[in-house]
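Below: model.json (JSON, C-alpha atoms)
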```json
[["chain", "number", "residue", "atom", "x", "y", "z"],
["A", 1, "MET", "CA", 1.30, 16.63, -3.68],
["A", 2, "PRO", "CA", -2.36, 16.21, -2.67],
["A", 3, "ILE", "CA", -3.18, 14.70, 0.71],
["A", 4, "PRO", "CA", -6.67, 13.30, 1.44],
["A", 5, "ASP", "CA", -8.79, 15.42, 3.74],
["A", 6, "ASP", "CA", -9.16, 12.55, 6.20],
["A", 7, "VAL", "CA", -5.42, 12.66, 6.92],
["A", 8, "THR", "CA", -4.99, 15.05, 9.84],
["A", 9, "GLY", "CA", -1.49, 14.19, 11.02],
["A", 10, "ASP", "CA", -2.79, 13.01, 14.37],
["A", 11, "GLU", "CA", -2.37, 9.44, 13.11],
["A", 12, "ILE", "CA", 1.39, 9.47, 13.64],
["A", 13, "ASP", "CA", 3.12, 7.86, 16.59],
["A", 14, "LYS", "CA", 3.14, 9.94, 19.76],
["A", 15, "ASP", "CA", 6.95, 9.92, 19.92],
["A", 16, "VAL", "CA", 7.11, 11.40, 16.42],
["A", 17, "ARG", "CA", 4.48, 13.95, 17.35],
["A", 18, "GLN", "CA", 6.64, 14.91, 20.33],
["A", 19, "GLU", "CA", 9.61, 15.50, 18.01],
["A", 20, "LEU", "CA", 7.52, 17.75, 15.80],
["A", 21, "LEU", "CA", 6.73, 20.07, 18.73],
["A", 22, "SER", "CA", 10.00, 21.81, 17.96],
["A", 23, "LEU", "CA", 8.37, 23.15, 14.77],
["A", 24, "PRO", "CA", 5.78, 25.92, 14.36],
["A", 25, "LYS", "CA", 2.27, 24.47, 14.67],
["A", 26, "THR", "CA", 1.22, 24.79, 11.02],
["A", 27, "LEU", "CA", 4.53, 23.43, 9.78],
["A", 28, "ALA", "CA", 4.36, 20.53, 12.22],
["A", 29, "GLU", "CA", 0.90, 19.65, 10.91],
["A", 30, "ASP", "CA", 2.10, 19.70, 7.30],
["A", 31, "VAL", "CA", 5.07, 17.47, 8.11],
["A", 32, "ALA", "CA", 2.91, 15.08, 10.10],
["A", 33, "ARG", "CA", 0.42, 14.69, 7.27],
["A", 34, "ASN", "CA", 3.19, 13.91, 4.80],
["A", 35, "LEU", "CA", 4.65, 11.35, 7.21],
["A", 36, "VAL", "CA", 1.24, 9.70, 7.48],
["A", 37, "MET", "CA", 1.16, 9.38, 3.70],
["A", 38, "VAL", "CA", 4.61, 7.79, 3.74],
["A", 39, "ALA", "CA", 3.44, 5.20, 6.24],
["A", 40, "ARG", "CA", 0.24, 4.53, 4.29],
["A", 41, "LEU", "CA", 1.91, 4.04, 0.92],
["A", 42, "ILE", "CA", 5.33, 2.56, 1.62],
["A", 43, "ASP", "CA", 4.20, -1.03, 1.06],
["A", 44, "GLU", "CA", 1.68, -0.63, -1.76],
["A", 45, "ASP", "CA", 3.21, 2.31, -3.64],
["A", 46, "PRO", "CA", 6.78, 2.95, -2.47],
["A", 47, "GLU", "CA", 7.49, 5.50, -5.20],
["A", 48, "GLN", "CA", 4.63, 7.67, -4.02],
["A", 49, "ALA", "CA", 5.72, 7.19, -0.41],
["A", 50, "TYR", "CA", 9.18, 8.34, -1.43],
["A", 51, "ALA", "CA", 7.74, 11.48, -3.01],
["A", 52, "TYR", "CA", 5.88, 12.38, 0.19],
["A", 53, "SER", "CA", 9.00, 11.69, 2.23],
["A", 54, "ARG", "CA", 10.95, 14.19, 0.14],
["A", 55, "ILE", "CA", 8.37, 16.86, 0.90],
["A", 56, "ALA", "CA", 8.60, 16.15, 4.63],
["A", 57, "LEU", "CA", 12.39, 16.23, 4.37],
["A", 58, "ARG", "CA", 12.32, 19.58, 2.63],
["A", 59, "LEU", "CA", 10.10, 20.98, 5.37],
["A", 60, "ALA", "CA", 11.89, 19.55, 8.42],
["A", 61, "SER", "CA", 15.29, 18.05, 7.68],
["A", 62, "ARG", "CA", 16.46, 18.62, 11.25],
["A", 63, "VAL", "CA", 13.87, 16.27, 12.73],
["A", 64, "ALA", "CA", 15.23, 12.75, 13.26],
["A", 65, "ALA", "CA", 11.89, 11.05, 12.63],
["A", 66, "VAL", "CA", 11.69, 12.76, 9.25],
["A", 67, "ARG", "CA", 15.20, 11.62, 8.30],
["A", 68, "GLU", "CA", 14.29, 8.08, 9.36],
["A", 69, "ALA", "CA", 11.06, 8.08, 7.34],
["A", 70, "ALA", "CA", 12.95, 9.41, 4.32],
["A", 71, "GLY", "CA", 15.47, 6.62, 4.79],
["A", 72, "PHE", "CA", 12.86, 3.90, 4.81],
["A", 73, "ALA", "CA", 11.12, 5.37, 1.78],
["A", 74, "ALA", "CA", 14.41, 5.46, -0.12],
["A", 75, "TYR", "CA", 15.17, 1.92, 1.05],
["A", 76, "ALA", "CA", 11.78, 0.72, -0.22],
["A", 77, "THR", "CA", 12.60, 2.11, -3.66],
["A", 78, "GLN", "CA", 16.10, 0.57, -3.60],
["A", 79, "LYS", "CA", 17.84, 3.93, -3.40],
["A", 80, "TYR", "CA", 20.32, 2.43, -0.99],
["A", 81, "ALA", "CA", 22.96, 5.18, -0.96],
["A", 82, "GLU", "CA", 20.31, 7.78, -0.19],
["A", 83, "ALA", "CA", 18.69, 5.54, 2.44],
["A", 84, "LEU", "CA", 22.03, 4.96, 4.14],
["A", 85, "ALA", "CA", 22.74, 8.69, 4.28],
["A", 86, "GLU", "CA", 19.35, 9.37, 5.88],
["A", 87, "PHE", "CA", 19.73, 6.56, 8.40],
["A", 88, "ARG", "CA", 23.19, 7.81, 9.37],
["A", 89, "ALA", "CA", 21.76, 11.30, 9.86],
["A", 90, "ALA", "CA", 18.95, 9.96, 12.06],
["A", 91, "LYS", "CA", 21.44, 7.95, 14.10],
["A", 92, "ARG", "CA", 23.62, 11.01, 14.65],
["A", 93, "MET", "CA", 20.61, 13.00, 15.83],
["A", 94, "THR", "CA", 19.26, 10.41, 18.25],
["A", 95, "GLY", "CA", 22.31, 8.38, 19.27],
["A", 96, "SER", "CA", 20.17, 5.26, 18.89],
["A", 97, "VAL", "CA", 21.52, 2.08, 17.28],
["A", 98, "GLU", "CA", 18.05, 0.87, 16.30],
["A", 99, "LEU", "CA", 18.71, 1.46, 12.59],
["A", 100, "TRP", "CA", 22.01, -0.46, 12.56],
["A", 101, "PRO", "CA", 20.65, -3.63, 10.85],
["A", 102, "VAL", "CA", 18.92, -1.75, 8.02],
["A", 103, "MET", "CA", 22.03, 0.38, 7.57],
["A", 104, "ALA", "CA", 24.02, -2.83, 7.14],
["A", 105, "ASP", "CA", 21.44, -4.09, 4.66],
["A", 106, "CYS", "CA", 21.90, -0.90, 2.66],
["A", 107, "GLU", "CA", 25.56, -1.83, 2.38],
["A", 108, "ARG", "CA", 24.44, -5.14, 0.90],
["A", 109, "GLY", "CA", 22.18, -3.29, -1.52],
["A", 110, "LEU", "CA", 25.17, -1.23, -2.61],
["A", 111, "GLY", "CA", 27.11, -4.40, -3.38],
["A", 112, "ARG", "CA", 29.28, -4.17, -0.28],
["A", 113, "PRO", "CA", 28.52, -7.33, 1.74],
["A", 114, "GLU", "CA", 31.94, -7.16, 3.38],
["A", 115, "ARG", "CA", 30.95, -3.88, 5.02],
["A", 116, "ALA", "CA", 27.68, -5.43, 6.20],
["A", 117, "MET", "CA", 29.66, -8.27, 7.77],
["A", 118, "ALA", "CA", 31.99, -5.81, 9.46],
["A", 119, "MET", "CA", 28.99, -3.99, 10.93],
["A", 120, "ALA", "CA", 27.67, -7.30, 12.29],
["A", 121, "GLY", "CA", 30.77, -7.46, 14.47],
["A", 122, "GLU", "CA", 30.59, -3.91, 15.82],
["A", 123, "PRO", "CA", 29.70, -3.08, 19.48],
["A", 124, "GLU", "CA", 26.43, -1.46, 18.33],
["A", 125, "VAL", "CA", 24.96, -4.93, 17.77],
["A", 126, "GLN", "CA", 25.17, -5.71, 21.49],
["A", 127, "LYS", "CA", 23.06, -2.64, 22.22],
["A", 128, "LEU", "CA", 20.19, -3.83, 20.02],
["A", 129, "ASP", "CA", 17.10, -5.44, 21.51],
["A", 130, "LYS", "CA", 16.33, -9.06, 20.70],
["A", 131, "ALA", "CA", 14.39, -8.22, 17.53],
["A", 132, "GLY", "CA", 17.23, -6.01, 16.34],
["A", 133, "GLN", "CA", 19.81, -8.71, 17.00],
["A", 134, "VAL", "CA", 17.79, -11.24, 15.03],
["A", 135, "GLU", "CA", 17.47, -8.72, 12.20],
["A", 136, "MET", "CA", 21.24, -8.23, 12.27],
["A", 137, "ARG", "CA", 21.73, -11.99, 12.09],
["A", 138, "LEU", "CA", 19.48, -12.14, 9.02],
["A", 139, "VAL", "CA", 21.44, -9.35, 7.35],
["A", 140, "ALA", "CA", 24.76, -11.04, 8.16],
["A", 141, "ALA", "CA", 23.54, -14.33, 6.74],
["A", 142, "GLY", "CA", 22.41, -12.53, 3.60],
["A", 143, "ALA", "CA", 25.84, -10.95, 3.29],
["A", 144, "ARG", "CA", 27.45, -14.37, 3.58],
["A", 145, "ARG", "CA", 25.24, -15.60, 0.75],
["A", 146, "ASP", "CA", 26.13, -12.53, -1.31],
["A", 147, "MET", "CA", 29.75, -13.61, -0.99],
["A", 148, "GLY", "CA", 28.95, -17.20, -1.98],
["A", 149, "GLN", "CA", 29.50, -18.52, 1.55],
["A", 150, "ILE", "CA", 26.35, -20.59, 1.88],
["A", 151, "ASP", "CA", 27.61, -22.88, 4.64],
["A", 152, "ALA", "CA", 28.70, -19.85, 6.68],
["A", 153, "ALA", "CA", 25.26, -18.33, 6.13],
["A", 154, "ILE", "CA", 23.66, -21.46, 7.57],
["A", 155, "VAL", "CA", 25.91, -21.34, 10.63],
["A", 156, "THR", "CA", 25.17, -17.63, 11.08],
["A", 157, "LEU", "CA", 21.44, -18.34, 11.32],
["A", 158, "GLN", "CA", 21.85, -21.15, 13.85],
["A", 159, "SER", "CA", 21.00, -19.62, 17.20],
["A", 160, "SER", "CA", 18.92, -20.01, 20.33],
["A", 161, "GLU", "CA", 16.24, -17.89, 18.65],
["A", 162, "LEU", "CA", 16.06, -20.33, 15.74],
["A", 163, "ALA", "CA", 15.97, -23.37, 18.04],
["A", 164, "SER", "CA", 13.25, -21.91, 20.26],
["A", 165, "ASN", "CA", 9.68, -23.17, 19.93],
["A", 166, "ALA", "CA", 8.37, -19.76, 20.99],
["A", 167, "VAL", "CA", 6.90, -17.67, 18.18],
["A", 168, "HIS", "CA", 7.80, -14.00, 17.91],
["A", 169, "PRO", "CA", 7.13, -11.50, 15.09],
["A", 170, "TRP", "CA", 10.55, -12.26, 13.61],
["A", 171, "THR", "CA", 10.27, -16.07, 13.90],
["A", 172, "PRO", "CA", 8.80, -16.76, 10.42],
["A", 173, "ARG", "CA", 11.49, -14.73, 8.66],
["A", 174, "LEU", "CA", 14.29, -16.37, 10.62],
["A", 175, "ARG", "CA", 13.01, -19.88, 9.95],
["A", 176, "TYR", "CA", 12.37, -19.06, 6.30],
["A", 177, "ALA", "CA", 15.88, -17.71, 5.80],
["A", 178, "TYR", "CA", 17.31, -20.85, 7.37],
["A", 179, "ALA", "CA", 15.16, -23.13, 5.20],
["A", 180, "ASP", "CA", 16.09, -21.22, 2.07],
["A", 181, "ALA", "CA", 19.80, -21.40, 2.91],
["A", 182, "LEU", "CA", 19.56, -25.14, 3.52],
["A", 183, "LEU", "CA", 17.88, -25.59, 0.16],
["A", 184, "ALA", "CA", 20.58, -23.54, -1.56],
["A", 185, "ALA", "CA", 23.14, -25.87, 0.03],
["A", 186, "GLY", "CA", 21.36, -28.91, -1.39],
["A", 187, "ARG", "CA", 20.05, -30.09, 2.00],
["A", 188, "GLU", "CA", 16.52, -30.61, 0.73],
["A", 189, "ASP", "CA", 15.12, -32.80, 3.53],
["A", 190, "GLU", "CA", 16.23, -30.33, 6.20],
["A", 191, "ALA", "CA", 14.93, -27.43, 4.12],
["A", 192, "ARG", "CA", 11.54, -29.09, 3.88],
["A", 193, "GLU", "CA", 11.46, -29.49, 7.67],
["A", 194, "TRP", "CA", 12.21, -25.82, 8.22],
["A", 195, "PHE", "CA", 9.78, -24.57, 5.60],
["A", 196, "ALA", "CA", 7.15, -26.61, 7.48],
["A", 197, "LYS", "CA", 8.21, -24.97, 10.74],
["A", 198, "THR", "CA", 7.94, -21.60, 9.04],
["A", 199, "VAL", "CA", 4.38, -22.34, 7.97],
["A", 200, "GLU", "CA", 3.51, -23.24, 11.58],
["A", 201, "ALA", "CA", 4.76, -19.87, 12.80],
["A", 202, "ASP", "CA", 3.58, -17.74, 9.88],
["A", 203, "LYS", "CA", -0.09, -17.31, 10.72],
["A", 204, "ASP", "CA", -0.35, -14.10, 8.71],
["A", 205, "GLY", "CA", 1.18, -15.55, 5.55],
["A", 206, "SER", "CA", 3.98, -13.01, 5.50],
["A", 207, "THR", "CA", 6.23, -15.47, 3.65],
["A", 208, "ASP", "CA", 5.62, -17.85, 0.75],
["A", 209, "ALA", "CA", 6.77, -20.81, 2.85],
["A", 210, "SER", "CA", 3.61, -22.79, 2.09],
["A", 211, "ASP", "CA", 4.27, -22.49, -1.64],
["A", 212, "ARG", "CA", 7.90, -23.47, -1.20],
["A", 213, "LEU", "CA", 6.86, -26.48, 0.87],
["A", 214, "ALA", "CA", 4.33, -27.57, -1.74],
["A", 215, "GLU", "CA", 6.98, -27.25, -4.42],
["A", 216, "LEU", "CA", 9.34, -29.50, -2.46],
["A", 217, "ASP", "CA", 6.53, -32.02, -1.99],
["A", 218, "GLY", "CA", 5.93, -32.07, -5.73],
["A", 219, "VAL", "CA", 2.47, -30.55, -5.51],
["A", 220, "GLU", "CA", 1.30, -29.02, -8.78],
["A", 221, "PHE", "CA", -1.53, -26.49, -8.84],
["A", 222, "VAL", "CA", -3.83, -27.22, -11.76],
["A", 223, "ASP", "CA", -6.33, -24.83, -13.29],
["A", 224, "ALA", "CA", -9.33, -27.12, -12.99],
["A", 225, "LEU", "CA", -11.62, -24.66, -14.78],
["A", 226, "GLY", "CA", -9.28, -24.49, -17.74],
["A", 227, "GLU", "CA", -9.07, -28.27, -17.93],
["A", 228, "ASP", "CA", -12.84, -28.57, -17.86],
["A", 229, "HIS", "CA", -13.20, -26.12, -20.70],
["A", 230, "ASP", "CA", -10.78, -28.26, -22.71],
["A", 231, "ALA", "CA", -12.91, -31.29, -21.92],
["A", 232, "ASP", "CA", -16.06, -29.43, -22.94],
["A", 233, "ASP", "CA", -14.50, -28.64, -26.28],
["A", 234, "ALA", "CA", -13.68, -32.29, -26.74],
["A", 235, "ASP", "CA", -16.98, -33.97, -25.74],
["A", 236, "GLY", "CA", -19.58, -31.18, -25.92],
["A", 237, "THR", "CA", -20.56, -31.43, -22.22],
["A", 238, "ALA", "CA", -22.20, -28.46, -20.48],
["A", 239, "GLY", "CA", -20.24, -25.93, -18.39],
["A", 240, "LEU", "CA", -22.03, -26.63, -15.07],
["A", 241, "ASP", "CA", -19.50, -29.22, -13.87],
["A", 242, "ALA", "CA", -16.65, -26.88, -14.76],
["A", 243, "ASP", "CA", -18.13, -24.15, -12.60],
["A", 244, "ASP", "CA", -18.58, -26.58, -9.71],
["A", 245, "GLU", "CA", -14.98, -27.79, -9.91],
["A", 246, "GLY", "CA", -13.67, -24.27, -10.26],
["A", 247, "SER", "CA", -15.47, -23.31, -7.03],
["A", 248, "ALA", "CA", -14.04, -26.34, -5.26],
["A", 249, "ASP", "CA", -10.56, -25.37, -6.44],
["A", 250, "LYS", "CA", -10.95, -21.88, -4.95],
["A", 251, "ALA", "CA", -12.17, -23.29, -1.66]]
```

In structure tokens, what does this structure look like?
Amino acid sequence: MPIPDDVTGDEIDKDVRQELLSLPKTLAEDVARNLVMVARLIDEDPEQAYAYSRIALRLASRVAAVREAAGFAAYATQKYAEALAEFRAAKRMTGSVELWPVMADCERGLGRPERAMAMAGEPEVQKLDKAGQVEMRLVAAGARRDMGQIDAAIVTLQSSELASNAVHPWTPRLRYAYADALLAAGREDEAREWFAKTVEADKDGSTDASDRLAELDGVEFVDALGEDHDADDADGTAGLDADDEGSADKA
């Protein structure tokens, strides 16, 4: 597959670059460039990212970083069995438990929430850093919901991290999951409170908490421009006011 000339391979993380030193120089460069393409495309075009990951895997299947990248690309395309196999391989190579939460989420994707719950109780969870433990809590709560245990999901999410006023990268997702679980349980007032707290923490708009909050508040978004055109058709007025209102709506 073609790779843009501006992709040199030097863009990859230094730890990954260190792993690739075990390969011949030209091969290492080829693998690195494919890994860069995986990272570039995994959000906007996961299928293409997956294709690049397969090339990297074919070139260097004994490199843990390559197996991990292939796992995430497969995960992004919902190939959960394949992702789980790659994550397990990476874990065997490194001995790290960092991938434990996403491995458990693959079990959910395969329709095995009970296995995800079992993994949430394994000793590996205690070896995770704080972000990893929060991620594991989110996966466990999702597994509870998969099994129809909404109240248990709510309890699973209740933690010191949820109660804290400090904002971390994982805070919006944790608050959002809690709000969504509350809403699913019919606890609308509490859900509204937690969607509002999510909005406060989610400065980058990584969730749709603001839309969910507006929905709970009964806010309806109206296409003002469309309404004005309807009015123009009815009374023959000019389109200037419609343009003005449309601009105000966008602002």

Residue with smallest distance to A:Tyr50 - pool A:Ala83, A:Glu135, A:Ala64, A:Ala32, counting all atoms listed in the file: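 Answer, going by the shortest atom-to-atom distance: A:Ala83.
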
Protein and nucleic acid residues near (24.2, -7.7, 5.9) (cut-off 7 Å, all atoms listed in the file) as a PyMOL selection string: chain A and resi 104-105+107-108+113+116-117+139-143

Long-range neighbours of A:Arg54 as a PyMOL selection string, 12 Å cut-off, all atoms listed in the file, 6 positions minimum in chain: chain A and resi 1+31+34-35+37-38+47-48+60-61+66-74+82-83+86

Contacts of A:Glu98 at 10 Å (only C-alpha atoms; same-chain gap of 5+ positions) as number ranges by chain: A: 87, 91, 103, 124-125, 127-129, 131-133

Polymer residues at most 7 Å from stretch 3-12 of chain A, all atoms listed in the file, same-chain spacing of 6 or more positions, as a PyMOL selection string: chain A and resi 29+32-33+36

Need the axis-aligned box for stretch 9-25 of chain A with 4 Å each side, so what are the centre and edges in Å to one decimal, as JSON?
```
{"center_x": 3.6, "center_y": 16.9, "center_z": 15.7, "size_x": 20.8, "size_y": 26.1, "size_z": 17.3}
```
